[in-house]
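Enquirer: I am sharing query35.pdb, which consists of PDB, C-alpha atoms:
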```
ATOM      1  CA  ASP A   1       4.166  -2.698  -6.357
ATOM      2  CA  ALA A   2       1.307  -4.962  -5.296
ATOM      3  CA  GLY A   3      -2.088  -3.295  -5.594
ATOM      4  CA  ILE A   4      -3.129  -2.770  -1.997
ATOM      5  CA  THR A   5      -4.903   0.348  -0.825
ATOM      6  CA  GLN A   6      -5.783   1.137   2.769
ATOM      7  CA  SER A   7      -8.321   3.780   3.652
ATOM      8  CA  PRO A   8      -8.361   6.073   5.429
ATOM      9  CA  ARG A   9      -4.619   6.661   5.875
ATOM     10  CA  HIS A  10      -5.146   8.716   9.011
ATOM     11  CA  LYS A  11      -8.084   8.939  11.381
ATOM     12  CA  VAL A  12      -8.800  10.540  14.726
ATOM     13  CA  THR A  13     -11.895   9.316  16.510
ATOM     14  CA  GLU A  14     -13.479   9.564  19.921
ATOM     15  CA  THR A  15     -13.681   6.808  22.496
ATOM     16  CA  GLY A  16     -16.833   4.752  22.105
ATOM     17  CA  THR A  17     -17.422   5.454  18.432
ATOM     18  CA  PRO A  18     -17.417   2.739  15.780
ATOM     19  CA  VAL A  19     -14.618   2.804  13.209
ATOM     20  CA  THR A  20     -14.165   0.833  10.006
ATOM     21  CA  LEU A  21     -10.893   0.514   8.142
ATOM     22  CA  ARG A  22     -10.835  -0.730   4.596
ATOM     23  CA  CYS A  23      -8.265  -2.780   2.718
ATOM     24  CA  HIS A  24      -8.721  -3.061  -1.029
ATOM     25  CA  GLN A  25      -6.603  -5.260  -3.333
ATOM     26  CA  THR A  26      -6.424  -5.597  -7.081
ATOM     27  CA  GLU A  27      -4.275  -8.764  -7.106
ATOM     28  CA  ASN A  28      -7.081 -11.321  -6.632
ATOM     29  CA  HIS A  29      -5.097 -12.888  -3.774
ATOM     30  CA  ARG A  30      -6.922 -15.319  -1.552
ATOM     31  CA  TYR A  31      -5.436 -14.406   1.815
ATOM     32  CA  MET A  32      -5.837 -11.044   3.525
ATOM     33  CA  TYR A  33      -4.575 -10.025   6.955
ATOM     34  CA  TRP A  34      -5.000  -7.202   9.431
ATOM     35  CA  TYR A  35      -2.125  -6.349  11.791
ATOM     36  CA  ARG A  36      -1.530  -3.646  14.330
ATOM     37  CA  GLN A  37       1.920  -2.248  15.065
ATOM     38  CA  ASP A  38       2.809  -0.733  18.407
ATOM     39  CA  PRO A  39       6.149   0.256  19.934
ATOM     40  CA  GLY A  40       7.521  -2.621  21.985
ATOM     41  CA  HIS A  41       5.091  -5.134  20.504
ATOM     42  CA  GLY A  42       6.000  -5.298  16.860
ATOM     43  CA  LEU A  43       3.388  -6.463  14.371
ATOM     44  CA  ARG A  44       0.556  -8.474  15.856
ATOM     45  CA  LEU A  45      -2.082 -10.325  13.864
ATOM     46  CA  ILE A  46      -5.666  -9.235  14.540
ATOM     47  CA  HIS A  47      -7.719 -11.257  12.045
ATOM     48  CA  TYR A  48      -7.143 -12.883   8.718
ATOM     49  CA  SER A  49      -9.230 -14.190   5.848
ATOM     50  CA  TYR A  50      -8.632 -17.201   3.625
ATOM     51  CA  GLY A  51     -11.495 -16.547   1.243
ATOM     52  CA  VAL A  52     -14.778 -14.723   0.810
ATOM     53  CA  LYS A  53     -16.731 -14.986   4.059
ATOM     54  CA  ASP A  54     -13.929 -17.135   5.583
ATOM     55  CA  THR A  55     -12.160 -15.421   8.452
ATOM     56  CA  ASP A  56     -10.301 -16.403  11.599
ATOM     57  CA  LYS A  57      -8.921 -14.752  14.703
ATOM     58  CA  GLY A  58      -5.320 -13.791  15.250
ATOM     59  CA  GLU A  59      -3.347 -13.015  18.406
ATOM     60  CA  VAL A  60      -5.168  -9.822  19.426
ATOM     61  CA  SER A  61      -8.718 -10.081  18.101
ATOM     62  CA  ASP A  62     -10.665  -8.826  21.137
ATOM     63  CA  GLY A  63     -12.561  -5.626  20.315
ATOM     64  CA  TYR A  64     -12.235  -6.131  16.569
ATOM     65  CA  SER A  65     -14.427  -7.734  13.926
ATOM     66  CA  VAL A  66     -13.854  -8.263  10.220
ATOM     67  CA  SER A  67     -15.840  -8.933   7.106
ATOM     68  CA  ARG A  68     -14.969 -10.082   3.618
ATOM     69  CA  SER A  69     -17.917 -10.092   1.230
ATOM     70  CA  LYS A  70     -15.762  -9.732  -1.904
ATOM     71  CA  THR A  71     -12.329 -11.055  -2.775
ATOM     72  CA  GLU A  72     -10.922  -7.566  -3.109
ATOM     73  CA  ASP A  73     -12.135  -5.995   0.148
ATOM     74  CA  PHE A  74     -11.344  -6.818   3.777
ATOM     75  CA  LEU A  75     -12.907  -4.564   6.403
ATOM     76  CA  LEU A  76     -11.741  -4.162   9.984
ATOM     77  CA  THR A  77     -14.288  -2.748  12.430
ATOM     78  CA  LEU A  78     -13.746  -1.424  15.919
ATOM     79  CA  GLU A  79     -17.257  -1.618  17.343
ATOM     80  CA  SER A  80     -16.552   0.829  20.159
ATOM     81  CA  ALA A  81     -13.093   2.354  19.913
ATOM     82  CA  THR A  82     -10.910   2.571  23.024
ATOM     83  CA  SER A  83      -7.661   4.437  23.628
ATOM     84  CA  SER A  84      -5.800   1.111  23.712
ATOM     85  CA  GLN A  85      -6.691   0.684  20.029
ATOM     86  CA  THR A  86      -4.642   3.718  19.075
ATOM     87  CA  SER A  87      -2.131   2.167  16.713
ATOM     88  CA  VAL A  88      -0.928   1.835  13.159
ATOM     89  CA  TYR A  89      -2.924  -0.781  11.268
ATOM     90  CA  PHE A  90      -1.516  -2.701   8.328
ATOM     91  CA  CYS A  91      -3.256  -4.847   5.782
ATOM     92  CA  ALA A  92      -1.408  -7.614   3.956
ATOM     93  CA  ILE A  93      -2.255  -9.992   1.130
ATOM     94  CA  SER A  94      -0.842 -13.271  -0.119
ATOM     95  CA  GLU A  95      -1.856 -15.710  -2.780
ATOM     96  CA  SER A  96      -1.646 -18.676  -0.461
ATOM     97  CA  ALA A  97      -0.619 -19.628   3.056
ATOM     98  CA  ARG A  98       0.355 -23.178   2.249
ATOM     99  CA  GLY A  99       3.855 -22.815   0.940
ATOM    100  CA  GLY A 100       5.210 -22.263  -2.488
ATOM    101  CA  ASN A 101       6.373 -18.898  -3.702
ATOM    102  CA  THR A 102       3.715 -17.014  -1.777
ATOM    103  CA  GLU A 103       5.117 -13.637  -0.881
ATOM    104  CA  ALA A 104       3.032 -11.404   1.327
ATOM    105  CA  PHE A 105       2.611  -7.757   0.393
ATOM    106  CA  PHE A 106       1.678  -4.930   2.720
ATOM    107  CA  GLY A 107      -0.331  -1.761   2.445
ATOM    108  CA  GLN A 108       1.007   1.602   3.577
ATOM    109  CA  GLY A 109      -0.820   1.552   6.884
ATOM    110  CA  THR A 110      -3.596   3.477   8.641
ATOM    111  CA  ARG A 111      -2.691   5.606  11.639
ATOM    112  CA  LEU A 112      -5.640   5.540  14.042
ATOM    113  CA  THR A 113      -5.817   7.770  17.113
ATOM    114  CA  VAL A 114      -8.590   7.282  19.647
ATOM    115  CA  VAL A 115      -9.030  10.297  21.935
TER     116      VAL A 115
ATOM    117  CA  LYS B   1       1.656 -20.858  19.300
ATOM    118  CA  GLN B   2       4.426 -19.505  17.101
ATOM    119  CA  GLU B   3       6.851 -17.142  18.835
ATOM    120  CA  VAL B   4       9.500 -15.284  16.908
ATOM    121  CA  THR B   5      12.602 -13.669  18.365
ATOM    122  CA  GLN B   6      15.007 -11.389  16.547
ATOM    123  CA  ILE B   7      18.477 -10.644  17.820
ATOM    124  CA  PRO B   8      19.897  -8.063  18.137
ATOM    125  CA  ALA B   9      17.055  -5.603  18.706
ATOM    126  CA  ALA B  10      19.247  -2.781  17.412
ATOM    127  CA  LEU B  11      22.547  -2.616  15.573
ATOM    128  CA  SER B  12      24.771   0.266  14.533
ATOM    129  CA  VAL B  13      27.629  -0.354  12.117
ATOM    130  CA  PRO B  14      29.976   1.718   9.945
ATOM    131  CA  GLU B  15      29.401   1.709   6.215
ATOM    132  CA  GLY B  16      30.986  -1.195   4.383
ATOM    133  CA  GLU B  17      30.647  -3.797   7.115
ATOM    134  CA  ASN B  18      29.124  -7.182   6.525
ATOM    135  CA  LEU B  19      26.480  -8.062   9.078
ATOM    136  CA  VAL B  20      24.150 -10.829  10.178
ATOM    137  CA  LEU B  21      20.652 -10.512  11.580
ATOM    138  CA  ASN B  22      19.199 -13.447  13.455
ATOM    139  CA  CYS B  23      15.670 -14.818  13.667
ATOM    140  CA  SER B  24      14.510 -17.768  15.726
ATOM    141  CA  PHE B  25      11.059 -19.321  15.877
ATOM    142  CA  THR B  26       9.496 -21.935  18.133
ATOM    143  CA  ASP B  27       7.263 -23.892  15.750
ATOM    144  CA  SER B  28       9.204 -25.516  12.929
ATOM    145  CA  ALA B  29       6.033 -26.555  11.071
ATOM    146  CA  ILE B  30       6.284 -23.705   8.581
ATOM    147  CA  TYR B  31       5.762 -23.477   4.835
ATOM    148  CA  ASN B  32       8.182 -20.622   4.260
ATOM    149  CA  LEU B  33       9.867 -17.670   5.938
ATOM    150  CA  GLN B  34       9.932 -14.126   4.675
ATOM    151  CA  TRP B  35      12.236 -11.217   5.470
ATOM    152  CA  PHE B  36      10.908  -7.679   5.273
ATOM    153  CA  ARG B  37      12.297  -4.200   5.541
ATOM    154  CA  GLN B  38      10.416  -1.285   7.091
ATOM    155  CA  ASP B  39      11.470   2.346   6.806
ATOM    156  CA  PRO B  40      10.202   4.782   9.465
ATOM    157  CA  GLY B  41       6.549   5.670   8.950
ATOM    158  CA  LYS B  42       6.216   3.299   6.003
ATOM    159  CA  GLY B  43       4.784  -0.094   5.238
ATOM    160  CA  LEU B  44       6.736  -3.320   4.922
ATOM    161  CA  THR B  45       8.679  -4.218   1.826
ATOM    162  CA  SER B  46       9.367  -7.865   1.062
ATOM    163  CA  LEU B  47      13.072  -8.649   0.691
ATOM    164  CA  LEU B  48      13.356 -12.399   0.430
ATOM    165  CA  LEU B  49      11.147 -15.459   0.744
ATOM    166  CA  ILE B  50      12.666 -18.848   1.546
ATOM    167  CA  GLN B  51      10.494 -21.866   0.990
ATOM    168  CA  SER B  52      10.660 -24.590   3.639
ATOM    169  CA  SER B  53      12.432 -26.922   1.206
ATOM    170  CA  GLN B  54      15.175 -24.364   0.529
ATOM    171  CA  ARG B  55      18.275 -23.612   2.589
ATOM    172  CA  GLU B  56      19.204 -20.238   1.106
ATOM    173  CA  GLN B  57      17.899 -17.408  -1.004
ATOM    174  CA  THR B  58      19.896 -14.526  -2.427
ATOM    175  CA  SER B  59      19.004 -11.121  -3.790
ATOM    176  CA  GLY B  60      21.842  -8.748  -4.589
ATOM    177  CA  ARG B  61      23.774  -8.041  -1.386
ATOM    178  CA  LEU B  62      21.266  -9.957   0.715
ATOM    179  CA  ASN B  63      21.438 -13.633   1.556
ATOM    180  CA  ALA B  64      18.940 -15.395   3.778
ATOM    181  CA  SER B  65      19.335 -18.880   5.169
ATOM    182  CA  LEU B  66      16.810 -21.162   6.804
ATOM    183  CA  ASP B  67      17.316 -24.105   9.156
ATOM    184  CA  LYS B  68      13.760 -25.210   9.726
ATOM    185  CA  SER B  69      14.558 -28.073  12.068
ATOM    186  CA  SER B  70      16.397 -25.824  14.511
ATOM    187  CA  GLY B  71      13.975 -22.926  14.080
ATOM    188  CA  ARG B  72      16.522 -20.417  12.818
ATOM    189  CA  SER B  73      16.995 -18.033   9.958
ATOM    190  CA  THR B  74      19.696 -15.470   9.273
ATOM    191  CA  LEU B  75      19.812 -12.471   6.991
ATOM    192  CA  TYR B  76      23.287 -11.590   5.781
ATOM    193  CA  ILE B  77      23.888  -8.098   4.387
ATOM    194  CA  ALA B  78      27.135  -7.628   2.524
ATOM    195  CA  ALA B  79      28.976  -4.321   2.247
ATOM    196  CA  SER B  80      26.360  -2.355   4.174
ATOM    197  CA  GLN B  81      25.347   1.139   3.001
ATOM    198  CA  PRO B  82      23.593   4.037   4.759
ATOM    199  CA  GLY B  83      20.556   3.311   2.590
ATOM    200  CA  ASP B  84      20.257  -0.062   4.325
ATOM    201  CA  SER B  85      19.255   1.721   7.533
ATOM    202  CA  ALA B  86      15.791   0.433   8.434
ATOM    203  CA  THR B  87      14.047  -2.103  10.621
ATOM    204  CA  TYR B  88      14.289  -5.697   9.401
ATOM    205  CA  LEU B  89      11.581  -8.177  10.277
ATOM    206  CA  CYS B  90      11.313 -11.901   9.807
ATOM    207  CA  ALA B  91       8.037 -13.780   9.534
ATOM    208  CA  PRO B  92       7.722 -17.553   9.421
ATOM    209  CA  GLU B  93       4.523 -18.676   7.754
ATOM    210  CA  GLY B  94       2.687 -21.782   8.898
ATOM    211  CA  GLY B  95      -0.803 -20.890   7.790
ATOM    212  CA  LYS B  96      -0.470 -17.263   8.847
ATOM    213  CA  LEU B  97       2.400 -14.793   9.082
ATOM    214  CA  ILE B  98       3.741 -14.196  12.578
ATOM    215  CA  PHE B  99       6.361 -11.510  13.107
ATOM    216  CA  GLY B 100       9.320 -10.927  15.332
ATOM    217  CA  GLN B 101       9.844  -7.446  16.786
ATOM    218  CA  GLY B 102      12.550  -6.681  14.312
ATOM    219  CA  THR B 103      16.140  -5.495  14.281
ATOM    220  CA  GLU B 104      16.660  -1.771  13.888
ATOM    221  CA  LEU B 105      19.740  -1.265  11.744
ATOM    222  CA  SER B 106      21.691   1.963  11.462
ATOM    223  CA  VAL B 107      24.563   2.179   8.981
ATOM    224  CA  LYS B 108      26.804   5.196   9.577
ATOM    225  CA  PRO B 109      28.604   6.893   6.670
TER     226      PRO B 109
END
```
Re-express the file's structure as C-alpha coordinates.
Expert:
Amino acid sequence: DAGITQSPRHKVTETGTPVTLRCHQTENHRYMYWYRQDPGHGLRLIHYSYGVKDTDKGEVSDGYSVSRSKTEDFLLTLESATSSQTSVYFCAISESARGGNTEAFFGQGTRLTVV
Amino acid sequence: KQEVTQIPAALSVPEGENLVLNCSFTDSAIYNLQWFRQDPGKGLTSLLLIQSSQREQTSGRLNASLDKSSGRSTLYIAASQPGDSATYLCAPEGGKLIFGQGTELSVKP
(Lines of atoms letter the chains of each structure in order from A and count residues from 1; the text may use other names and numbers.)
(Lines give C-alpha, C1' and ligand atoms only; values in the text may rest on other atoms or scores of the structure.)
Protein backbone atom coordinates (compact mmCIF):
# COMPACT_ATOMS: atom_id res chain seq x y z
CA ASP A 1 0.00 0.00 0.00
CA ALA A 2 1.12 3.55 -0.76
CA GLY A 3 2.25 5.44 2.33
CA ILE A 4 -0.48 7.99 2.85
CA THR A 5 -1.77 8.92 6.28
CA GLN A 6 -4.66 11.26 6.96
CA SER A 7 -5.22 12.79 10.36
CA PRO A 8 -7.47 12.99 12.17
CA ARG A 9 -9.66 10.14 10.88
CA HIS A 10 -12.75 11.53 12.55
CA LYS A 11 -13.55 14.99 13.85
CA VAL A 12 -16.58 16.79 15.19
CA THR A 13 -16.32 20.56 15.37
CA GLU A 14 -18.58 23.53 15.92
CA THR A 15 -19.69 26.01 13.31
CA GLY A 16 -17.31 28.93 13.04
CA THR A 17 -14.23 27.17 14.36
CA PRO A 18 -11.08 26.67 12.30
CA VAL A 19 -10.16 23.11 11.34
CA THR A 20 -7.00 21.72 9.78
CA LEU A 21 -6.74 18.30 8.18
CA ARG A 22 -3.38 16.78 7.49
CA CYS A 23 -2.21 14.49 4.71
CA HIS A 24 1.21 12.92 5.12
CA GLN A 25 2.98 10.80 2.47
CA THR A 26 6.15 8.77 2.53
CA GLU A 27 6.34 8.18 -1.25
CA ASN A 28 8.02 11.47 -2.22
CA HIS A 29 5.32 12.01 -4.86
CA ARG A 30 5.09 15.45 -6.39
CA TYR A 31 1.32 15.80 -6.69
CA MET A 32 -1.09 15.88 -3.76
CA TYR A 33 -4.84 16.40 -3.87
CA TRP A 34 -7.70 17.09 -1.49
CA TYR A 35 -11.20 15.85 -2.37
CA ARG A 36 -14.50 15.83 -0.59
CA GLN A 37 -17.08 13.09 -1.08
CA ASP A 38 -20.77 13.68 -0.56
CA PRO A 39 -23.82 11.59 -1.45
CA GLY A 40 -25.14 12.62 -4.85
CA HIS A 41 -21.99 14.55 -5.73
CA GLY A 42 -19.28 11.95 -5.87
CA LEU A 43 -15.68 13.03 -5.37
CA ARG A 44 -15.01 16.69 -5.97
CA LEU A 45 -11.58 18.29 -6.12
CA ILE A 46 -10.98 21.04 -3.56
CA HIS A 47 -7.32 21.98 -4.07
CA TYR A 48 -4.23 20.30 -5.37
CA SER A 49 -0.49 20.82 -5.19
CA TYR A 50 2.14 20.19 -7.84
CA GLY A 51 5.14 20.89 -5.64
CA VAL A 52 6.28 22.57 -2.45
CA LYS A 53 4.50 25.91 -2.15
CA ASP A 54 2.76 25.30 -5.52
CA THR A 55 -0.98 24.89 -5.19
CA ASP A 56 -4.07 25.49 -7.30
CA LYS A 57 -7.82 25.53 -6.87
CA GLY A 58 -10.16 22.72 -7.79
CA GLU A 59 -13.91 22.63 -8.41
CA VAL A 60 -15.07 23.49 -4.88
CA SER A 61 -12.35 25.60 -3.28
CA ASP A 62 -14.48 28.30 -1.63
CA GLY A 63 -14.08 28.23 2.16
CA TYR A 64 -10.92 26.14 2.01
CA SER A 65 -7.22 26.95 1.95
CA VAL A 66 -4.19 24.70 1.65
CA SER A 67 -0.51 24.79 2.37
CA ARG A 68 2.43 22.64 1.37
CA SER A 69 5.69 23.63 3.03
CA LYS A 70 7.26 20.16 2.70
CA THR A 71 6.97 17.50 0.03
CA GLU A 72 5.44 15.04 2.46
CA ASP A 73 2.70 17.19 4.02
CA PHE A 74 -0.38 18.81 2.50
CA LEU A 75 -2.68 20.66 4.89
CA LEU A 76 -6.31 21.54 4.27
CA THR A 77 -7.74 24.34 6.42
CA LEU A 78 -11.34 25.34 6.91
CA GLU A 79 -10.96 28.88 8.23
CA SER A 80 -14.45 29.01 9.70
CA ALA A 81 -16.26 25.69 9.44
CA THR A 82 -19.87 25.61 8.23
CA SER A 83 -22.41 22.79 8.27
CA SER A 84 -22.14 22.54 4.47
CA GLN A 85 -18.53 21.39 4.95
CA THR A 86 -19.66 18.26 6.76
CA SER A 87 -18.23 15.59 4.50
CA VAL A 88 -15.67 12.86 4.06
CA TYR A 89 -12.33 14.28 2.93
CA PHE A 90 -9.82 12.27 0.94
CA CYS A 91 -6.21 12.98 0.18
CA ALA A 92 -4.53 11.52 -2.89
CA ILE A 93 -0.99 11.47 -4.24
CA SER A 94 0.58 10.83 -7.63
CA GLU A 95 4.07 11.01 -8.97
CA SER A 96 3.06 13.11 -11.94
CA ALA A 97 0.01 14.54 -13.67
CA ARG A 98 1.49 14.57 -17.13
CA GLY A 99 0.95 11.04 -18.31
CA GLY A 100 3.04 7.97 -18.06
CA ASN A 101 2.40 5.27 -15.52
CA THR A 102 1.29 7.71 -12.85
CA GLU A 103 -1.22 5.95 -10.66
CA ALA A 104 -2.94 7.98 -7.99
CA PHE A 105 -3.23 6.56 -4.49
CA PHE A 106 -5.74 7.56 -1.85
CA GLY A 107 -5.74 7.88 1.90
CA GLN A 108 -8.42 6.30 4.08
CA GLY A 109 -10.38 9.50 4.50
CA THR A 110 -11.31 11.93 7.28
CA ARG A 111 -14.94 12.12 8.37
CA LEU A 112 -15.65 15.70 9.41
CA THR A 113 -18.91 16.73 11.08
CA VAL A 114 -19.67 20.39 11.66
CA VAL A 115 -22.42 20.93 14.24
CA LYS B 1 -14.11 21.93 -17.73
CA GLN B 2 -13.93 18.15 -17.59
CA GLU B 3 -17.23 16.41 -16.87
CA VAL B 4 -17.40 12.69 -16.26
CA THR B 5 -20.50 10.53 -16.48
CA GLN B 6 -20.80 6.92 -15.40
CA ILE B 7 -23.61 4.68 -16.53
CA PRO B 8 -25.37 2.87 -14.98
CA ALA B 9 -25.47 4.52 -11.56
CA ALA B 10 -26.30 1.18 -9.97
CA LEU B 11 -26.24 -2.41 -11.16
CA SER B 12 -27.32 -5.67 -9.56
CA VAL B 13 -26.31 -8.96 -11.16
CA PRO B 14 -26.22 -12.65 -10.20
CA GLU B 15 -22.85 -14.20 -9.50
CA GLY B 16 -21.01 -15.42 -12.57
CA GLU B 17 -22.25 -12.80 -15.00
CA ASN B 18 -19.94 -10.78 -17.18
CA LEU B 19 -20.63 -7.07 -17.01
CA VAL B 20 -19.60 -3.74 -18.46
CA LEU B 21 -19.38 -0.40 -16.70
CA ASN B 22 -19.31 2.73 -18.81
CA CYS B 23 -17.50 6.04 -18.37
CA SER B 24 -17.71 9.05 -20.65
CA PHE B 25 -15.82 12.32 -20.40
CA THR B 26 -16.13 15.63 -22.22
CA ASP B 27 -12.51 16.74 -22.60
CA SER B 28 -10.43 14.29 -24.60
CA ALA B 29 -7.16 16.09 -23.80
CA ILE B 30 -6.17 13.58 -21.13
CA TYR B 31 -2.89 11.89 -20.24
CA ASN B 32 -4.43 8.74 -18.82
CA LEU B 33 -7.57 7.33 -17.22
CA GLN B 34 -7.76 5.39 -14.01
CA TRP B 35 -10.42 3.05 -12.64
CA PHE B 36 -10.90 2.76 -8.90
CA ARG B 37 -12.91 0.64 -6.54
CA GLN B 38 -14.40 1.92 -3.29
CA ASP B 39 -15.86 -0.28 -0.58
CA PRO B 40 -18.38 1.29 1.84
CA GLY B 41 -16.68 3.53 4.39
CA LYS B 42 -13.26 3.01 2.82
CA GLY B 43 -10.84 4.86 0.62
CA LEU B 44 -10.31 4.29 -3.08
CA THR B 45 -8.25 1.44 -4.42
CA SER B 46 -6.65 1.74 -7.84
CA LEU B 47 -7.67 -1.04 -10.22
CA LEU B 48 -6.28 -0.12 -13.61
CA LEU B 49 -4.54 2.80 -15.28
CA ILE B 50 -4.70 3.22 -19.05
CA GLN B 51 -2.27 5.63 -20.61
CA SER B 52 -3.62 7.85 -23.38
CA SER B 53 -1.54 5.98 -25.96
CA GLN B 54 -3.04 2.63 -24.94
CA ARG B 55 -6.35 1.09 -25.98
CA GLU B 56 -6.67 -1.58 -23.29
CA GLN B 57 -5.32 -2.68 -19.95
CA THR B 58 -5.98 -5.97 -18.21
CA SER B 59 -5.62 -7.18 -14.65
CA GLY B 60 -6.99 -10.61 -13.81
CA ARG B 61 -10.74 -10.62 -14.48
CA LEU B 62 -10.76 -6.90 -15.22
CA ASN B 63 -10.27 -5.32 -18.62
CA ALA B 64 -10.45 -1.60 -19.25
CA SER B 65 -10.58 0.04 -22.65
CA LEU B 66 -10.08 3.64 -23.65
CA ASP B 67 -11.25 5.52 -26.74
CA LYS B 68 -9.82 8.95 -26.10
CA SER B 69 -11.13 10.57 -29.25
CA SER B 70 -14.74 9.70 -28.44
CA GLY B 71 -14.33 10.34 -24.71
CA ARG B 72 -15.23 6.84 -23.57
CA SER B 73 -13.87 4.12 -21.37
CA THR B 74 -15.34 0.80 -20.32
CA LEU B 75 -14.51 -1.55 -17.48
CA TYR B 76 -15.30 -5.18 -18.20
CA ILE B 77 -15.59 -7.58 -15.26
CA ALA B 78 -15.59 -11.25 -16.16
CA ALA B 79 -17.29 -13.95 -14.10
CA SER B 80 -18.45 -11.57 -11.38
CA GLN B 81 -18.23 -12.61 -7.71
CA PRO B 82 -19.94 -11.31 -4.56
CA GLY B 83 -16.58 -9.88 -3.51
CA ASP B 84 -16.74 -7.57 -6.52
CA SER B 85 -19.60 -5.68 -4.87
CA ALA B 86 -18.42 -2.09 -4.47
CA THR B 87 -18.63 1.30 -6.13
CA TYR B 88 -16.48 1.69 -9.24
CA LEU B 89 -15.19 5.10 -10.24
CA CYS B 90 -13.41 6.32 -13.32
CA ALA B 91 -11.13 9.35 -13.39
CA PRO B 92 -9.60 10.82 -16.52
CA GLU B 93 -6.45 12.77 -15.81
CA GLY B 94 -5.55 15.87 -17.79
CA GLY B 95 -3.43 17.66 -15.24
CA LYS B 96 -5.70 16.73 -12.35
CA LEU B 97 -7.98 13.79 -11.57
CA ILE B 98 -11.68 14.44 -12.09
CA PHE B 99 -14.17 11.78 -11.03
CA GLY B 100 -17.50 10.50 -12.18
CA GLN B 101 -20.13 9.68 -9.55
CA GLY B 102 -19.49 6.01 -9.86
CA THR B 103 -21.42 2.82 -10.51
CA GLU B 104 -22.59 0.93 -7.45
CA LEU B 105 -22.30 -2.77 -8.21
CA SER B 106 -24.01 -5.53 -6.27
CA VAL B 107 -23.25 -9.15 -7.14
CA LYS B 108 -25.74 -11.59 -5.62
CA PRO B 109 -24.67 -15.12 -4.64
Enquirer: Please write as an mmCIF file with C-alpha atoms, in the frame of the given file the full residue list that the PyMOL selection byres ((chain A and resi 91) around 8) yields on this file.
Expert:
```cif
data_model
loop_
_atom_site.group_PDB
_atom_site.id
_atom_site.type_symbol
_atom_site.label_atom_id
_atom_site.label_comp_id
_atom_site.auth_asym_id
_atom_site.auth_seq_id
_atom_site.Cartn_x
_atom_site.Cartn_y
_atom_site.Cartn_z
ATOM 1 C CA GLN A 6 -5.783 1.137 2.769
ATOM 2 C CA CYS A 23 -8.265 -2.780 2.718
ATOM 3 C CA MET A 32 -5.837 -11.044 3.525
ATOM 4 C CA TYR A 33 -4.575 -10.025 6.955
ATOM 5 C CA TRP A 34 -5.000 -7.202 9.431
ATOM 6 C CA TYR A 35 -2.125 -6.349 11.791
ATOM 7 C CA TYR A 89 -2.924 -0.781 11.268
ATOM 8 C CA PHE A 90 -1.516 -2.701 8.328
ATOM 9 C CA ALA A 92 -1.408 -7.614 3.956
ATOM 10 C CA ILE A 93 -2.255 -9.992 1.130
ATOM 11 C CA PHE A 106 1.678 -4.930 2.720
ATOM 12 C CA GLY A 107 -0.331 -1.761 2.445
ATOM 13 C CA GLY A 109 -0.820 1.552 6.884
#
```
Enquirer: Report as a PyMOL selection string the residues that result from applying the PyMOL selection byres ((chain B) within 7 of (chain A)) to the structure here.
Expert: chain B and resi 31-32+42-44+46+49+51+95-96+99-101
Enquirer: Neighbouring residues of Thr26 (chain B) were defined as those with any atom within 9 Å, considering only C-alpha atoms; residues of the same chain fewer than 4 positions away were excluded. Please report them as a list of chain:residue names.
Expert: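 Here the answer would be B:Lys1, B:Gln2, B:Glu3, B:Val4, B:Thr5, B:Ser70, B:Gly71, B:Arg72.
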Enquirer: Determine, counting all atoms listed in the file, every residue of protein, DNA or RNA that lies within 12 Å of (-3.5, 2.8, 24.7) in the file coordinates, then give the result as a VMD selection string.
Expert: chain A and resid 15 38 to 39 81 to 88 112 to 115
Enquirer: Given the point (28.2, -6.1, 6.0) in the file's coordinates, find the residues that have an atom at most 9 Å from it, counting all atoms listed in the file, and give them as a PDB file with C-alpha atoms, keeping the file's coordinate frame.
Expert:
```pdb
ATOM      1  CA  VAL B  13      27.629  -0.354  12.117  1.00  0.00           C
ATOM      2  CA  PRO B  14      29.976   1.718   9.945  1.00  0.00           C
ATOM      3  CA  GLU B  15      29.401   1.709   6.215  1.00  0.00           C
ATOM      4  CA  GLY B  16      30.986  -1.195   4.383  1.00  0.00           C
ATOM      5  CA  GLU B  17      30.647  -3.797   7.115  1.00  0.00           C
ATOM      6  CA  ASN B  18      29.124  -7.182   6.525  1.00  0.00           C
ATOM      7  CA  LEU B  19      26.480  -8.062   9.078  1.00  0.00           C
ATOM      8  CA  VAL B  20      24.150 -10.829  10.178  1.00  0.00           C
ATOM      9  CA  ARG B  61      23.774  -8.041  -1.386  1.00  0.00           C
ATOM     10  CA  TYR B  76      23.287 -11.590   5.781  1.00  0.00           C
ATOM     11  CA  ILE B  77      23.888  -8.098   4.387  1.00  0.00           C
ATOM     12  CA  ALA B  78      27.135  -7.628   2.524  1.00  0.00           C
ATOM     13  CA  ALA B  79      28.976  -4.321   2.247  1.00  0.00           C
ATOM     14  CA  SER B  80      26.360  -2.355   4.174  1.00  0.00           C
ATOM     15  CA  GLN B  81      25.347   1.139   3.001  1.00  0.00           C
TER      16      GLN B  81
END
```
Enquirer: Between CA of Ser73 (chain B) and CA of Gly41 (chain B), what distance in Å does the model show, to one decimal?
Expert: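 CA of Gly41 (chain B) lies at a distance of 25.9 Å from CA of Ser73 (chain B).
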Enquirer: Take the PyMOL selection byres ((chain B and resi 36) around 7), run it mentally on this structure, and tell me the resulting residues as number ranges by chain.
Expert: B: 34-35, 37-38, 44-47, 88-90
